[in-house]
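Novice: Input file: entry_25.cif. Contents: mmCIF, C-alpha atoms.
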```cif
data_entry
#
loop_
_atom_site.label_atom_id
_atom_site.label_comp_id
_atom_site.auth_asym_id
_atom_site.auth_seq_id
_atom_site.Cartn_x
_atom_site.Cartn_y
_atom_site.Cartn_z
CA MET A 29 -44.15 134.81 129.14
CA SER A 30 -45.38 135.64 132.63
CA ASN A 31 -43.42 134.41 135.65
CA THR A 32 -46.61 134.34 137.73
CA LEU A 33 -47.38 130.85 139.00
CA SER A 34 -50.96 129.64 138.66
CA MET A 35 -53.09 128.82 141.69
CA HIS A 36 -52.77 125.11 140.92
CA GLN A 37 -48.98 125.38 140.70
CA LEU A 38 -48.91 127.10 144.09
CA LEU A 39 -51.40 124.81 145.83
CA PHE A 40 -51.05 121.29 144.43
CA ARG A 41 -47.98 119.16 145.08
CA THR A 42 -47.26 115.45 144.71
CA GLU A 43 -45.20 115.62 147.91
CA ASP A 44 -44.93 118.07 150.79
CA PHE A 45 -43.36 121.32 149.62
CA THR A 46 -42.25 124.20 151.85
CA TYR A 47 -42.09 127.88 150.96
CA PRO A 48 -39.53 129.36 153.37
CA MET A 49 -41.31 132.69 153.86
CA LEU A 50 -45.00 133.48 154.33
CA SER A 51 -44.53 136.94 152.81
CA ALA A 52 -43.29 135.59 149.46
CA TRP A 53 -45.98 132.91 149.29
CA CYS A 54 -48.68 135.44 150.16
CA LYS A 55 -47.59 137.80 147.36
CA ALA A 56 -47.41 134.95 144.84
CA LEU A 57 -50.88 133.76 145.87
CA VAL A 58 -52.43 137.22 145.47
CA ARG A 59 -50.79 137.66 142.04
CA ALA A 60 -52.04 134.24 140.91
CA GLN A 61 -55.62 134.92 142.02
CA GLU A 62 -55.60 138.32 140.30
CA ALA A 63 -54.32 136.72 137.09
CA GLU A 64 -56.89 133.93 137.37
CA PRO A 65 -59.95 135.47 139.10
CA SER A 66 -62.08 132.36 138.69
CA PRO A 67 -62.48 130.04 140.45
CA VAL A 68 -62.09 131.77 143.79
CA TRP A 69 -60.30 129.80 146.49
CA VAL A 70 -61.79 129.89 149.99
CA VAL A 71 -60.71 128.56 153.38
CA GLU A 72 -63.07 125.81 154.42
CA SER A 73 -61.56 125.29 157.86
CA LEU A 74 -58.74 126.39 160.16
CA THR A 75 -57.11 124.04 162.68
CA HIS A 76 -54.63 124.87 165.44
CA TYR A 77 -52.24 121.93 165.78
CA LYS A 78 -49.60 120.90 168.28
CA PHE A 79 -46.97 118.25 167.62
CA PRO A 80 -46.61 115.63 170.38
CA TRP A 81 -43.55 115.56 172.63
CA THR A 82 -41.25 115.19 169.66
CA ARG A 83 -40.24 118.37 167.84
CA PHE A 84 -40.58 120.44 171.05
CA GLN A 85 -44.39 120.57 170.89
CA HIS A 86 -44.25 122.86 167.89
CA GLU A 87 -47.58 124.59 167.21
CA PHE A 88 -48.86 125.69 163.82
CA LEU A 89 -52.01 126.39 161.82
CA VAL A 90 -53.46 124.30 159.00
CA LEU A 91 -55.79 125.80 156.40
CA GLN A 92 -58.08 123.51 154.43
CA ALA A 93 -58.92 125.30 151.18
CA ALA A 94 -61.21 124.54 148.28
CA GLU A 95 -62.49 126.03 145.04
CA LEU A 96 -65.77 127.89 145.30
CA ASP A 97 -68.12 126.85 142.47
CA GLY A 98 -65.18 125.29 140.66
CA THR A 99 -64.90 122.02 138.78
CA ASP A 100 -62.18 120.61 141.03
CA ASP A 101 -63.50 119.15 144.28
CA ARG A 102 -60.07 118.35 145.71
CA ARG A 103 -59.00 119.93 148.99
CA VAL A 104 -55.70 121.72 149.65
CA TYR A 105 -53.98 121.54 153.05
CA ILE A 106 -51.60 124.35 154.00
CA ALA A 107 -49.52 124.33 157.20
CA ILE A 108 -48.15 127.65 158.47
CA GLY A 109 -45.82 127.85 161.47
CA ARG A 110 -43.27 130.20 163.00
CA MET A 111 -39.62 129.57 163.74
CA MET A 112 -36.42 131.54 164.12
CA GLN A 113 -34.59 132.48 160.94
CA ARG A 114 -31.87 130.01 160.04
CA PRO A 115 -28.27 131.04 159.33
CA GLY A 116 -27.87 132.02 155.71
CA GLN A 117 -31.45 133.18 155.20
CA LEU A 118 -31.82 136.77 154.07
CA PRO A 119 -33.24 139.06 156.78
CA PRO A 120 -36.28 141.25 156.09
CA SER A 121 -35.22 144.46 154.37
CA ASP A 122 -37.69 146.66 156.24
CA VAL A 123 -37.05 145.45 159.81
CA SER A 124 -34.19 146.57 162.04
CA PRO A 125 -31.93 143.78 163.38
CA PRO A 126 -32.89 142.53 166.85
CA GLN A 127 -31.08 144.24 169.71
CA GLY A 128 -30.10 143.34 173.26
CA SER A 129 -28.27 140.57 175.09
CA LEU A 130 -30.60 137.80 173.88
CA ALA A 131 -29.84 138.74 170.27
CA LEU A 132 -26.10 138.66 171.00
CA LEU A 133 -26.51 135.17 172.46
CA GLY A 134 -28.38 134.00 169.38
CA ILE A 135 -31.61 133.41 171.33
CA ARG A 136 -33.58 136.29 169.85
CA GLY A 137 -33.64 136.76 166.08
CA PHE A 138 -35.81 137.38 163.07
CA ALA A 139 -38.96 135.25 162.91
CA VAL A 140 -40.01 133.46 159.74
CA GLU A 141 -43.27 131.69 159.01
CA GLU A 142 -42.82 128.68 156.76
CA VAL A 143 -45.69 127.61 154.51
CA THR A 144 -45.91 123.91 153.69
CA ILE A 145 -48.26 122.63 151.01
CA LEU A 146 -49.20 119.16 152.22
CA ALA A 147 -49.58 116.40 149.64
CA SER A 148 -52.19 114.69 151.83
CA PRO A 149 -54.31 115.54 154.90
CA LEU A 150 -52.43 115.76 158.17
CA SER A 151 -52.70 112.77 160.44
CA LEU A 152 -51.65 114.10 163.83
CA PRO A 153 -52.89 113.05 167.26
CA LEU A 154 -53.46 116.51 168.65
CA GLY A 155 -55.57 119.07 166.85
CA LEU A 156 -56.25 121.58 169.62
CA ARG A 157 -59.17 123.50 168.13
CA SER A 158 -60.71 124.26 164.79
CA ILE A 159 -63.09 126.61 162.99
CA VAL A 160 -65.21 125.35 160.09
CA TRP A 161 -66.78 127.77 157.60
CA GLY A 162 -67.56 125.26 154.86
CA VAL A 163 -67.37 125.85 151.13
CA ASN A 164 -69.85 128.64 150.54
CA PRO A 165 -69.89 132.35 149.57
CA CYS A 166 -69.45 133.40 153.23
CA ALA A 167 -66.19 131.48 153.68
CA PRO A 168 -63.01 133.59 153.91
CA ARG A 169 -61.00 134.01 150.73
CA LEU A 170 -57.65 132.24 150.82
CA THR A 171 -55.84 135.37 149.62
CA ASP A 172 -57.38 137.43 152.43
CA VAL A 173 -56.48 134.82 155.06
CA SER A 174 -52.86 134.65 153.88
CA THR A 175 -52.62 138.46 153.97
CA ILE A 176 -54.07 138.60 157.48
CA LEU A 177 -51.65 135.97 158.80
CA PHE A 178 -48.71 137.85 157.30
CA ASP A 179 -49.97 141.06 158.92
CA VAL A 180 -50.23 139.27 162.28
CA SER A 181 -46.62 138.15 161.85
CA CYS A 182 -45.55 141.76 161.29
CA ILE A 183 -46.88 142.73 164.73
CA GLU A 184 -43.96 140.79 166.22
CA PRO A 185 -41.25 140.29 163.55
CA TYR A 186 -38.74 138.90 166.05
CA TYR A 187 -38.56 135.38 167.43
CA SER A 188 -38.04 134.84 171.15
CA PRO A 189 -38.40 131.37 172.72
CA LEU A 190 -40.04 132.91 175.79
CA SER A 191 -42.61 135.15 174.15
CA THR A 192 -42.99 135.47 170.38
CA GLN A 193 -42.43 131.90 169.30
CA CYS A 194 -44.65 129.42 167.41
CA TYR A 195 -47.19 129.41 170.25
CA TRP A 196 -47.66 133.16 169.99
CA PHE A 197 -48.08 133.17 166.21
CA SER A 198 -50.51 130.23 166.18
CA GLN A 199 -52.70 131.72 168.89
CA ALA A 200 -52.59 135.25 167.50
CA GLY A 201 -53.36 134.07 163.96
CA TYR A 202 -56.20 131.84 165.12
CA ARG A 203 -57.68 134.57 167.26
CA ALA A 204 -57.48 137.15 164.49
CA LEU A 205 -59.22 134.95 161.93
CA LYS A 206 -61.84 133.86 164.43
CA ASP A 207 -62.71 137.45 165.37
CA ILE A 208 -62.54 138.89 161.85
CA TYR A 209 -64.83 136.21 160.41
CA ARG A 210 -66.99 135.61 163.46
CA ASP A 211 -70.19 136.56 161.62
CA ARG A 212 -69.75 134.07 158.78
CA GLY A 213 -71.78 131.19 160.25
CA ALA A 214 -68.72 129.25 161.41
CA THR A 215 -68.70 126.45 163.95
CA GLU A 216 -65.82 126.04 166.41
CA LYS A 217 -64.66 122.90 168.17
CA GLU A 218 -62.09 122.49 170.94
CA SER A 219 -60.52 119.04 170.96
CA ASP A 220 -57.94 119.80 173.64
CA LYS A 221 -57.86 122.70 176.10
CA SER A 222 -54.17 122.42 176.98
CA TRP A 223 -53.36 125.38 174.72
CA LYS A 224 -54.97 127.62 177.36
CA LEU A 225 -52.51 126.51 180.04
CA SER A 226 -49.23 127.51 178.45
CA HIS A 227 -47.74 130.61 180.08
CA LEU A 228 -45.38 130.83 177.10
CA ALA A 229 -48.27 131.55 174.77
CA LYS A 230 -49.22 134.85 176.36
CA PHE A 231 -48.51 138.13 174.67
CA PRO A 232 -45.10 139.61 175.50
CA VAL A 233 -44.86 142.18 178.24
CA THR A 234 -45.37 145.71 176.97
CA LEU A 235 -42.06 147.56 177.19
CA THR A 236 -43.09 150.89 175.68
CA ASP A 237 -46.26 152.82 175.01
CA THR A 238 -45.64 152.60 171.26
CA HIS A 239 -45.15 148.82 171.18
CA ASP A 240 -48.16 146.98 172.56
CA PRO A 241 -48.73 143.64 170.72
CA GLU A 242 -52.14 143.07 172.31
CA ARG A 243 -53.41 146.51 171.27
CA ASN A 244 -51.84 146.15 167.84
CA LEU A 245 -53.58 142.82 167.24
CA LYS A 246 -56.94 144.28 168.26
CA GLY A 247 -56.29 147.15 165.86
CA ARG A 248 -55.57 144.74 163.00
CA ILE A 249 -58.79 142.84 163.74
CA ARG A 250 -60.86 146.04 163.67
CA PHE A 251 -59.13 147.15 160.45
CA TYR A 252 -59.88 143.93 158.58
CA ARG A 253 -63.46 143.72 159.80
CA ASN A 254 -64.02 147.24 158.48
CA THR A 255 -62.13 146.91 155.19
CA LEU A 256 -63.30 143.42 154.24
CA GLY A 257 -66.83 144.15 155.32
CA TRP A 258 -68.97 141.27 154.15
CA ARG A 259 -66.62 140.37 151.32
CA SER A 260 -67.15 136.70 150.61
CA GLY A 261 -65.82 134.00 148.39
CA GLY A 262 -68.21 134.87 145.59
#
```
What would the structure in this file look like if it were written as structure tokens?
Specialist:
Amino acid sequence: MSNTLSMHQLLFRTEDFTYPMLSAWCKALVRAQEAEPSPVWVVESLTHYKFPWTRFQHEFLVLQAAELDGTDDRRVYIAIGRMMQRPGQLPPSDVSPPQGSLALLGIRGFAVEEVTILASPLSLPLGLRSIVWGVNPCAPRLTDVSTILFDVSCIEPYYSPLSTQCYWFSQAGYRALKDIYRDRGATEKESDKSWKLSHLAKFPVTLTDTHDPERNLKGRIRFYRNTLGWRSGG
């Protein structure tokens, strides 16, 4: 018997359920879609959210996904946000431990992106901006979007409260998906422009010629636009 979870097992929950690592969820999602090629799941919309003053104004992304030409017209809501790895969680096997005084103080550590399958649509007062592709053959595939967000995370695998925190991941992920799929007939809406004002959300200062997060993100965007081409949901 296969241990591969089905798409419905991964995406539908009777109550909110959190996968502690984006990488594991992404791999499980790709395996499930390969095992069950039809129906294809696409991302109908992407929203950049900010919590109010509680929870330290945590920012995260929410994907609204749907079957393309499927029999199930239900929507799936997936929240993805970055935080610092908790004590007891296994560190990534392919990333060197963080170095420097901030790491010794416990301020800089490994970053993890948690994926929460929401049992119902989010009802939050502050959705900062959103992109809507709709449910059509031009909408991004859910498996591609999850892979892209994981790749964005890998640009900066460490969490720092002053640079590569939840603000950085939310903005970098939103920007990457917006630029990669900019020719797919999407509409964008800004509900609140305060995300532009945060100095904490800028890319970290380049310390070496080989580590330039801004250049690396642009490179990822070019790569996915070239490799995905006009790949669509259908």
Novice: If you measure from CA of Pro168 in chain A to CA of Tyr209 in chain A, what distance in Å do you get, rounded to one decimal?
Specialist: 7.2 Å
Novice: Excluding range 63-67 of chain A and its own-chain neighbours fewer than 2 positions away, which residues fall within 10 Å of it when counting all atoms listed in the file? Please give them as a PyMOL selection string.
Specialist: chain A and resi 32-35+57-61+69-70+94-100+261-262
Novice: Which of these, A:Ser148, A:Gln37, A:Ser158, A:Gln199, has the shortest distance to Thr75 in chain A once you count all atoms listed in the file?
Specialist: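 Closest residue, counting all atoms listed in the file: A:Ser158.
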Novice: Around (-64.7, 132.7, 153.3) in the file's frame, which residues reach within 9 Å when counting only C-alpha atoms? Return as a CSV table (one decimal) with C-alpha atoms, in the frame of the given file?
Specialist:
```csv
chain,number,residue,atom,x,y,z
A,69,TRP,CA,-60.3,129.8,146.5
A,70,VAL,CA,-61.8,129.9,150.0
A,71,VAL,CA,-60.7,128.6,153.4
A,72,GLU,CA,-63.1,125.8,154.4
A,161,TRP,CA,-66.8,127.8,157.6
A,162,GLY,CA,-67.6,125.3,154.9
A,163,VAL,CA,-67.4,125.8,151.1
A,164,ASN,CA,-69.8,128.6,150.5
A,165,PRO,CA,-69.9,132.4,149.6
A,166,CYS,CA,-69.4,133.4,153.2
A,167,ALA,CA,-66.2,131.5,153.7
A,168,PRO,CA,-63.0,133.6,153.9
A,169,ARG,CA,-61.0,134.0,150.7
A,170,LEU,CA,-57.6,132.2,150.8
A,172,ASP,CA,-57.4,137.4,152.4
A,173,VAL,CA,-56.5,134.8,155.1
A,209,TYR,CA,-64.8,136.2,160.4
A,212,ARG,CA,-69.8,134.1,158.8
A,259,ARG,CA,-66.6,140.4,151.3
A,260,SER,CA,-67.2,136.7,150.6
A,261,GLY,CA,-65.8,134.0,148.4
A,262,GLY,CA,-68.2,134.9,145.6
```
Novice: Taking into account all atoms listed in the file, which residue in the set A:Ser51, A:Lys217, A:Pro189, A:Ile176 is nearest to Arg250 in chain A?
Specialist: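 When distances to Arg250 in chain A are compared using all atoms listed in the file, the smallest one comes from A:Ile176.
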Novice: Please, what distance in Å, to one decimal, runs between CA of Tyr187 in chain A and CA of Ser174 in chain A?
Specialist: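 Interatomic distance here is 19.7 Å.
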Novice: With all atoms listed in the file as the basis for distance, which of A:Thr215, A:Gln193, A:Thr171, A:Thr255 is at the shortest distance from Ala139 in chain A?
Specialist: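 Looking only at the distances to Ala139 in chain A, the closest residue turns out to be A:Gln193.
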Novice: Which residues would end up in the selection if the PyMOL selection byres ((chain A and resi 107-112) around 9) were applied here, given that I need the answer as a CSV table (one decimal) with C-alpha atoms, in the coordinates of the input?
Specialist:
```csv
chain,number,residue,atom,x,y,z
A,50,LEU,CA,-45.0,133.5,154.3
A,86,HIS,CA,-44.2,122.9,167.9
A,87,GLU,CA,-47.6,124.6,167.2
A,88,PHE,CA,-48.9,125.7,163.8
A,89,LEU,CA,-52.0,126.4,161.8
A,90,VAL,CA,-53.5,124.3,159.0
A,91,LEU,CA,-55.8,125.8,156.4
A,105,TYR,CA,-54.0,121.5,153.0
A,106,ILE,CA,-51.6,124.4,154.0
A,113,GLN,CA,-34.6,132.5,160.9
A,114,ARG,CA,-31.9,130.0,160.0
A,135,ILE,CA,-31.6,133.4,171.3
A,136,ARG,CA,-33.6,136.3,169.8
A,137,GLY,CA,-33.6,136.8,166.1
A,138,PHE,CA,-35.8,137.4,163.1
A,139,ALA,CA,-39.0,135.2,162.9
A,140,VAL,CA,-40.0,133.5,159.7
A,141,GLU,CA,-43.3,131.7,159.0
A,142,GLU,CA,-42.8,128.7,156.8
A,143,VAL,CA,-45.7,127.6,154.5
A,144,THR,CA,-45.9,123.9,153.7
A,145,ILE,CA,-48.3,122.6,151.0
A,146,LEU,CA,-49.2,119.2,152.2
A,181,SER,CA,-46.6,138.2,161.8
A,186,TYR,CA,-38.7,138.9,166.0
A,187,TYR,CA,-38.6,135.4,167.4
A,188,SER,CA,-38.0,134.8,171.2
A,189,PRO,CA,-38.4,131.4,172.7
A,193,GLN,CA,-42.4,131.9,169.3
A,194,CYS,CA,-44.6,129.4,167.4
A,195,TYR,CA,-47.2,129.4,170.2
A,196,TRP,CA,-47.7,133.2,170.0
A,197,PHE,CA,-48.1,133.2,166.2
A,198,SER,CA,-50.5,130.2,166.2
```
Novice: If you measure from CA of His36 in chain A to CA of Arg103 in chain A, what distance in Å do you get, rounded to one decimal?
Specialist: 11.4 Å
Novice: Restricting the calculation to only C-alpha atoms, which member of A:Arg41, A:Arg203, A:His76, A:Arg102 is positioned closest to Ile249 in chain A?
Specialist: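 For Ile249 in chain A, the nearest of the given residues is A:Arg203.
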Novice: Which polymer residues, whether protein, DNA or RNA, lie within 12 Å of the coordinate (-63.1, 128.5, 167.6) when you count all atoms listed in the file? List them as a PyMOL selection string, using the chain letters and numbers from the file.
Specialist: chain A and resi 73-76+156-161+199+201-210+213-221
